[in-house]
Each structure stands twice: as C-alpha cells, then as structure tokens.
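Below is start.cif, which holds mmCIF, C-alpha atoms and all ligand atoms.
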data_entry
#
loop_
_atom_site.label_atom_id
_atom_site.label_comp_id
_atom_site.auth_asym_id
_atom_site.auth_seq_id
_atom_site.Cartn_x
_atom_site.Cartn_y
_atom_site.Cartn_z
CA MET A 1 7.48 -11.50 -3.83
CA ARG A 2 7.81 -15.28 -3.95
CA GLU A 3 9.99 -16.48 -6.84
CA ASP A 4 7.50 -19.14 -7.87
CA GLU A 5 4.50 -16.80 -7.74
CA GLU A 6 2.54 -16.55 -10.96
CA GLN A 7 2.79 -13.13 -12.66
CA TYR A 8 0.10 -11.47 -14.74
CA GLY A 9 0.94 -9.07 -17.55
CA ILE A 10 -1.59 -6.25 -17.40
CA THR A 11 -2.04 -2.78 -18.83
CA LEU A 12 -3.13 -0.05 -16.47
CA VAL A 13 -4.27 3.28 -17.87
CA VAL A 14 -3.35 5.93 -15.32
CA ASN A 15 -3.93 9.63 -16.02
CA GLY A 16 -4.43 8.74 -19.68
CA ILE A 17 -1.11 6.91 -20.06
CA SER A 18 -0.90 3.13 -20.58
CA HIS A 19 1.54 1.21 -18.40
CA GLN A 20 2.36 -2.42 -19.05
CA ILE A 21 3.34 -4.14 -15.84
CA SER A 22 3.73 -7.66 -14.55
CA VAL A 23 2.28 -8.32 -11.12
CA PRO A 24 1.19 -11.20 -8.90
CA GLY A 25 -2.58 -11.59 -8.60
CA ARG A 26 -2.48 -10.32 -5.01
CA ARG A 27 -0.84 -6.99 -5.94
CA LEU A 28 -2.97 -4.14 -4.63
CA LEU A 29 -3.83 -1.35 -7.03
CA SER A 30 -2.34 1.15 -4.56
CA ASP A 31 0.99 -0.70 -4.60
CA ALA A 32 0.94 -1.04 -8.38
CA ILE A 33 0.38 2.71 -8.76
CA ARG A 34 3.15 3.59 -6.32
CA HIS A 35 5.76 0.88 -6.85
CA ASP A 36 5.24 -0.50 -10.36
CA ILE A 37 4.24 2.76 -12.05
CA GLY A 38 6.10 5.15 -9.76
CA LEU A 39 3.30 7.64 -9.05
CA THR A 40 3.82 8.23 -5.35
CA GLY A 41 1.20 10.95 -4.90
CA THR A 42 -1.32 8.29 -3.90
CA HIS A 43 -0.64 7.48 -0.27
CA VAL A 44 -1.24 4.34 1.72
CA GLY A 45 -2.31 4.72 5.33
CA CYS A 46 -4.39 1.91 6.76
CA GLU A 47 -4.58 -0.55 3.85
CA HIS A 48 -8.00 -1.48 5.23
CA GLY A 49 -10.30 0.91 3.40
CA VAL A 50 -10.70 3.17 6.43
CA CYS A 51 -8.56 6.29 5.97
CA GLY A 52 -9.12 7.26 2.33
CA ALA A 53 -5.47 8.25 1.73
CA CYS A 54 -5.27 5.85 -1.22
CA THR A 55 -8.38 7.16 -3.00
CA VAL A 56 -8.15 7.35 -6.80
CA LEU A 57 -10.80 7.70 -9.47
CA VAL A 58 -11.67 4.52 -11.30
CA ASP A 59 -13.76 5.33 -14.35
CA GLY A 60 -14.55 8.63 -12.61
CA VAL A 61 -15.69 7.09 -9.32
CA PRO A 62 -13.64 7.49 -6.11
CA MET A 63 -12.29 4.10 -5.02
CA ARG A 64 -10.00 2.89 -2.26
CA SER A 65 -7.06 1.62 -4.28
CA CYS A 66 -5.95 -0.47 -1.27
CA LEU A 67 -9.13 -2.51 -1.63
CA MET A 68 -8.70 -3.33 -5.32
CA PHE A 69 -6.35 -5.78 -6.94
CA ALA A 70 -4.30 -4.29 -9.76
CA VAL A 71 -5.44 -7.05 -12.13
CA SER A 72 -9.07 -6.05 -11.62
CA ALA A 73 -8.31 -2.48 -12.80
CA GLU A 74 -7.19 -3.53 -16.26
CA GLY A 75 -9.13 -1.69 -18.96
CA LEU A 76 -10.43 0.96 -16.54
CA GLN A 77 -9.46 4.64 -16.50
CA ILE A 78 -7.58 5.48 -13.32
CA THR A 79 -6.94 9.05 -12.19
CA THR A 80 -4.49 9.85 -9.42
CA VAL A 81 -3.68 13.19 -7.83
CA GLU A 82 -0.94 13.64 -10.44
CA GLY A 83 -3.68 13.64 -13.08
CA LEU A 84 -5.72 16.51 -11.61
CA ALA A 85 -3.70 19.44 -13.00
CA ARG A 86 -4.36 20.33 -16.62
CA PRO A 87 -1.79 19.38 -19.29
CA ASP A 88 -0.53 23.00 -19.35
CA GLY A 89 0.27 22.72 -15.65
CA SER A 90 -2.55 24.95 -14.43
CA LEU A 91 -4.10 23.79 -11.21
CA HIS A 92 -7.36 21.88 -10.90
CA PRO A 93 -9.98 23.94 -8.99
CA VAL A 94 -9.53 21.64 -5.98
CA GLN A 95 -5.78 22.21 -5.96
CA GLN A 96 -6.28 25.96 -6.31
CA ALA A 97 -8.82 25.92 -3.48
CA PHE A 98 -6.47 24.00 -1.17
CA ARG A 99 -3.80 26.57 -1.89
CA GLU A 100 -6.07 29.54 -1.24
CA CYS A 101 -7.72 28.12 1.88
CA HIS A 102 -4.57 26.77 3.55
CA ALA A 103 -6.00 23.27 3.45
CA LEU A 104 -2.56 21.72 2.93
CA GLN A 105 -1.07 20.58 6.20
CA CYS A 106 1.26 17.60 6.50
CA GLY A 107 -0.16 16.54 3.21
CA PHE A 108 -0.21 12.79 3.70
CA CYS A 109 -3.99 12.67 3.42
CA THR A 110 -4.23 15.49 0.89
CA PRO A 111 -4.23 13.50 -2.37
CA GLY A 112 -7.12 11.36 -1.12
CA PHE A 113 -9.07 14.43 -0.08
CA MET A 114 -8.43 16.15 -3.40
CA ILE A 115 -9.58 13.17 -5.44
CA THR A 116 -12.68 12.75 -3.27
CA ILE A 117 -13.58 16.44 -3.57
CA ALA A 118 -12.92 16.54 -7.33
CA ALA A 119 -15.52 13.79 -7.78
CA GLY A 120 -17.80 15.23 -5.10
CA ILE A 121 -18.21 18.65 -6.69
CA LEU A 122 -19.03 17.05 -10.03
CA ASP A 123 -21.88 15.24 -8.24
CA ASN A 124 -22.90 18.31 -6.26
CA PRO A 125 -21.57 21.50 -7.90
CA ALA A 126 -22.98 23.82 -5.21
CA PRO A 127 -22.61 22.13 -1.81
CA ASP A 128 -23.68 23.93 1.37
CA PRO A 129 -21.36 23.72 4.40
CA ALA A 130 -23.05 20.59 5.76
CA GLN A 131 -22.80 18.88 2.37
CA ALA A 132 -19.15 19.93 2.11
CA ARG A 133 -18.53 18.25 5.46
CA ASP A 134 -20.40 15.14 4.38
CA MET A 135 -18.34 14.96 1.19
CA ILE A 136 -15.14 14.38 3.15
CA THR A 137 -16.38 12.18 5.99
CA GLY A 138 -14.76 9.14 4.40
CA ASN A 139 -11.26 10.63 4.59
CA LEU A 140 -9.19 10.84 7.75
CA CYS A 141 -6.73 13.62 8.50
CA ARG A 142 -4.60 12.96 11.55
CA CYS A 143 -3.80 16.66 11.89
CA THR A 144 -7.45 17.40 12.79
CA GLY A 145 -7.36 20.01 10.07
CA TYR A 146 -10.82 19.52 8.68
CA GLN A 147 -12.00 23.11 8.96
CA ASN A 148 -9.81 24.46 6.17
CA ILE A 149 -10.50 21.40 4.05
CA GLU A 150 -14.25 22.03 4.36
CA THR A 151 -13.67 25.63 3.34
CA ALA A 152 -11.66 24.37 0.37
CA VAL A 153 -14.60 22.20 -0.77
CA LEU A 154 -16.79 25.29 -0.96
CA ARG A 155 -14.10 27.32 -2.73
CA ALA A 156 -13.38 24.49 -5.19
CA ALA A 157 -17.07 24.38 -6.09
CA GLU A 158 -17.02 28.15 -6.66
CA LEU A 159 -13.91 27.97 -8.83
CA SER A 160 -15.38 25.10 -10.86
CA SER A 161 -18.59 26.95 -11.54
CA GLU A 162 -16.62 30.10 -12.52
CA ALA A 163 -14.56 27.98 -14.93
CA ILE A 164 -17.62 26.70 -16.78
CA ARG A 165 -19.45 30.03 -16.87
S1 LIG A 201 -4.91 3.12 2.67
FE1 LIG A 201 -6.69 2.70 1.58
S2 LIG A 201 -8.28 3.48 2.82
FE2 LIG A 201 -6.49 3.70 4.03
S1 LIG A 202 -2.78 17.01 6.59
FE1 LIG A 202 -3.97 15.19 6.70
S2 LIG A 202 -2.96 13.82 7.93
FE2 LIG A 202 -1.89 15.69 8.01
#
Take the structure I supplied and represent it as structure tokens, if you would.
Ligand code: FES
Ligand code: FES
Amino acid sequence: MREDEEQYGITLVVNGISHQISVPGRRLLSDAIRHDIGLTGTHVGCEHGVCGACTVLVDGVPMRSCLMFAVSAEGLQITTVEGLARPDGSLHPVQQAFRECHALQCGFCTPGFMITIAAGILDNPAPDPAQARDMITGNLCRCTGYQNIETAVLRAAELSSEAIR
C-alpha cells in the first residue's frame, strides 16, 4: 500500500456481521474479506474472474469477489463459506453433501463450489445430472474431481428438499 494513497472508511456486512475497515479504492473485495476481515475460507486463484475460487454471495447472488472493489460492496449482504453453516454449527446441506459424497479433495476450490451450489439449488431445487454439471461449469478444480462434486450437487438438492418438507 502506498503511504499517500487515499483510504476509504467502509462498512462491510459479512455473514450478518458488520466490519468497519479502511481500504484504498483499488482494494478487491476478495482481499478485503481475507486480509482486512480475516475470513480466509474464500480463496483467490486467478484474480481474473476465471476460476471461481473467490465466489461469495452478494445479496444472495454468486459473485466473483476478485472482480469487485470492496468499496462497491458497502451496504450489501455478503455471504462467505464461513456463513453457510447454521448458527448452532449444523452443516448446510451443501456441506453435508460434500462430506457424504467425498467431494472434498485438496479443498482450494471447495468454498467457491459450495457457494455456487448453495445459490444454484435455490434457483433449481431439483436439478437433473446435466443441470448439476451446468451449475458448476463456472468453477475450476485443478484436481479434476468434478464427478463427486456433481454427485454432491444432486445430494445437496435432496437434503435441502428434505429439510423443508
Ligand atoms: S480468483 Fe476470482 S475467479 Fe479466480
Ligand atoms: S479440490 Fe478443487 S482444486 Fe483441488
């Protein structure tokens, strides 16, 4: 950071908690989440909007946090992977599905996948296998482990529908 660089005092609401931080205008939302707020579950891979590792929900919509400036997220509700589990610690259906289906591998890409799928199954609560595959096409896993992740999409949808029955 340059010493003479102008700083902006902003409030970011992440997982329902307000954080007051001071950042330069060029600070990426992904860096603000990780370095200023200290939530390191959101990962940064490409920083070009390609890999999806940095995906968070912004007002419920999956967004590449490496393509947003932190200052532009002020006043919006941000959800990171740390915000998926319920307050009592029980797992979100997507987390439970990853656990059951062995979809966790090296895990670098996992938070981005989980956030994408959490939003995806709200949009489409009963995806078929092709739709499950489509749901995750914007996220890259370098371990070529997509098969179990696709299975986890289907299981997460099942668990979600059981939860609301
Ligand atoms: S780090 Fe944001 S899409 Fe890759
Ligand atoms: S589990 Fe996705 S990059 Fe390894």
Around segment 77-92 of chain A, fit a box with edges along x, y and z, padding it by 3 Å on each side, then list its centre and edge lengths in Å to one decimal as JSON.
{"center_x": -4.6, "center_y": 14.8, "center_z": -13.6, "size_x": 15.7, "size_y": 26.3, "size_z": 17.5}
Pick from A:Ala73, A:Cys109, A:Ile164, A:Ile78, whichever lies nearest to Gly16 of chain A using all atoms listed in the file: A:Ile78
Site check for ligand LIG 202 (chain A): residues at most 6 Å away, all atoms listed in the file, as a list in words: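 Selection of residues at most 6 Å from ligand LIG 202 (chain A): Leu104, Gln105, Cys106, Gly107, Phe108, Cys109, Thr110, Cys141, Arg142 and Cys143 of chain A.
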Å distance separating atom CA of Ala126 of chain A from atom CA of Ala157 of chain A, one decimal place: 6.0 Å
Non-local contacts of Ala70 of chain A (12 Å; all atoms listed in the file; under 6 positions in same chain excluded) as an MDAnalysis selection string: chainID A and resid 7:14 19:37 58 64 76 78
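Atom pair atom CA of Leu67 of chain A / atom CA of Asn124 of chain A has a distance of 25.4 Å (rounded to one decimal).
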Between atom CA of Pro93 of chain A and atom CA of Glu47 of chain A - distance in Å to one decimal: 28.2 Å
Set out as JSON lines a contact list for chain A and ligand LIG 201 (chain A) with a cut-off of 10 Å, giving each residue of chain A that qualifies its closest atom pair and distance in Å to one decimal, counting only C-alpha atoms and all ligand atoms, ordered by chain and rising residue number.
{"residue": "A:Leu28", "atom": "CA", "partner": "A:LIG201", "partner_atom": "FE1", "distance": 10.0}
{"residue": "A:Leu29", "atom": "CA", "partner": "A:LIG201", "partner_atom": "FE1", "distance": 9.9}
{"residue": "A:Ser30", "atom": "CA", "partner": "A:LIG201", "partner_atom": "FE1", "distance": 7.7}
{"residue": "A:Thr42", "atom": "CA", "partner": "A:LIG201", "partner_atom": "S1", "distance": 9.1}
{"residue": "A:His43", "atom": "CA", "partner": "A:LIG201", "partner_atom": "S1", "distance": 6.8}
{"residue": "A:Val44", "atom": "CA", "partner": "A:LIG201", "partner_atom": "S1", "distance": 4.0}
{"residue": "A:Gly45", "atom": "CA", "partner": "A:LIG201", "partner_atom": "S1", "distance": 4.0}
{"residue": "A:Cys46", "atom": "CA", "partner": "A:LIG201", "partner_atom": "FE2", "distance": 3.9}
{"residue": "A:Glu47", "atom": "CA", "partner": "A:LIG201", "partner_atom": "S1", "distance": 3.9}
{"residue": "A:His48", "atom": "CA", "partner": "A:LIG201", "partner_atom": "S2", "distance": 5.5}
{"residue": "A:Gly49", "atom": "CA", "partner": "A:LIG201", "partner_atom": "S2", "distance": 3.3}
{"residue": "A:Val50", "atom": "CA", "partner": "A:LIG201", "partner_atom": "S2", "distance": 4.4}
{"residue": "A:Cys51", "atom": "CA", "partner": "A:LIG201", "partner_atom": "FE2", "distance": 3.8}
{"residue": "A:Gly52", "atom": "CA", "partner": "A:LIG201", "partner_atom": "S2", "distance": 3.9}
{"residue": "A:Ala53", "atom": "CA", "partner": "A:LIG201", "partner_atom": "FE2", "distance": 5.2}
{"residue": "A:Cys54", "atom": "CA", "partner": "A:LIG201", "partner_atom": "FE1", "distance": 4.4}
{"residue": "A:Thr55", "atom": "CA", "partner": "A:LIG201", "partner_atom": "FE1", "distance": 6.6}
{"residue": "A:Val56", "atom": "CA", "partner": "A:LIG201", "partner_atom": "FE1", "distance": 9.7}
{"residue": "A:Met63", "atom": "CA", "partner": "A:LIG201", "partner_atom": "FE1", "distance": 8.8}
{"residue": "A:Arg64", "atom": "CA", "partner": "A:LIG201", "partner_atom": "FE1", "distance": 5.1}
{"residue": "A:Ser65", "atom": "CA", "partner": "A:LIG201", "partner_atom": "FE1", "distance": 6.0}
{"residue": "A:Cys66", "atom": "CA", "partner": "A:LIG201", "partner_atom": "FE1", "distance": 4.3}
{"residue": "A:Leu67", "atom": "CA", "partner": "A:LIG201", "partner_atom": "FE1", "distance": 6.6}
{"residue": "A:Met68", "atom": "CA", "partner": "A:LIG201", "partner_atom": "FE1", "distance": 9.4}
{"residue": "A:Cys109", "atom": "CA", "partner": "A:LIG201", "partner_atom": "FE2", "distance": 9.3}
{"residue": "A:Gly112", "atom": "CA", "partner": "A:LIG201", "partner_atom": "S2", "distance": 8.9}
{"residue": "A:Gly138", "atom": "CA", "partner": "A:LIG201", "partner_atom": "S2", "distance": 8.7}
{"residue": "A:Asn139", "atom": "CA", "partner": "A:LIG201", "partner_atom": "S2", "distance": 7.9}
{"residue": "A:Leu140", "atom": "CA", "partner": "A:LIG201", "partner_atom": "FE2", "distance": 8.5}
Counting all atoms listed in the file, the option among A:Gln131, A:Thr116, A:Ser90, A:Gln147 closest to Gly60 of chain A: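 Among the listed residues, A:Thr116 lies closest to Gly60 of chain A.
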May I have the residues at most 12 Å from (-6.3, 20.0, -13.2) in the file's coordinates, counting only C-alpha atoms, as a tab-separated table (two decimals) with C-alpha atoms, in the frame of the given file?
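Result saved to selection.tsv:
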chain	number	residue	atom	x	y	z
A	15	ASN	CA	-3.93	9.63	-16.02
A	79	THR	CA	-6.94	9.05	-12.19
A	80	THR	CA	-4.49	9.85	-9.42
A	81	VAL	CA	-3.68	13.19	-7.83
A	82	GLU	CA	-0.94	13.64	-10.44
A	83	GLY	CA	-3.68	13.64	-13.08
A	84	LEU	CA	-5.72	16.51	-11.61
A	85	ALA	CA	-3.70	19.44	-13.00
A	86	ARG	CA	-4.36	20.33	-16.62
A	87	PRO	CA	-1.79	19.38	-19.29
A	88	ASP	CA	-0.53	23.00	-19.35
A	89	GLY	CA	0.27	22.72	-15.65
A	90	SER	CA	-2.55	24.95	-14.43
A	91	LEU	CA	-4.10	23.79	-11.21
A	92	HIS	CA	-7.36	21.88	-10.90
A	93	PRO	CA	-9.98	23.94	-8.99
A	94	VAL	CA	-9.53	21.64	-5.98
A	95	GLN	CA	-5.78	22.21	-5.96
A	96	GLN	CA	-6.28	25.96	-6.31
A	97	ALA	CA	-8.82	25.92	-3.48
A	114	MET	CA	-8.43	16.15	-3.40
A	115	ILE	CA	-9.58	13.17	-5.44
A	118	ALA	CA	-12.92	16.54	-7.33
A	156	ALA	CA	-13.38	24.49	-5.19
A	159	LEU	CA	-13.91	27.97	-8.83
A	160	SER	CA	-15.38	25.10	-10.86
A	163	ALA	CA	-14.56	27.98	-14.93
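Using only C-alpha atoms, the shortest contact distance between Thr144 of chain A and any of A:Ala103, A:Glu74, A:Gly41, A:Val61 is found at A:Ala103.
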Distance criterion (all atoms listed in the file): nearest to Leu39 of chain A out of A:Pro111, A:Glu3, A:Arg99, A:Leu154: A:Pro111
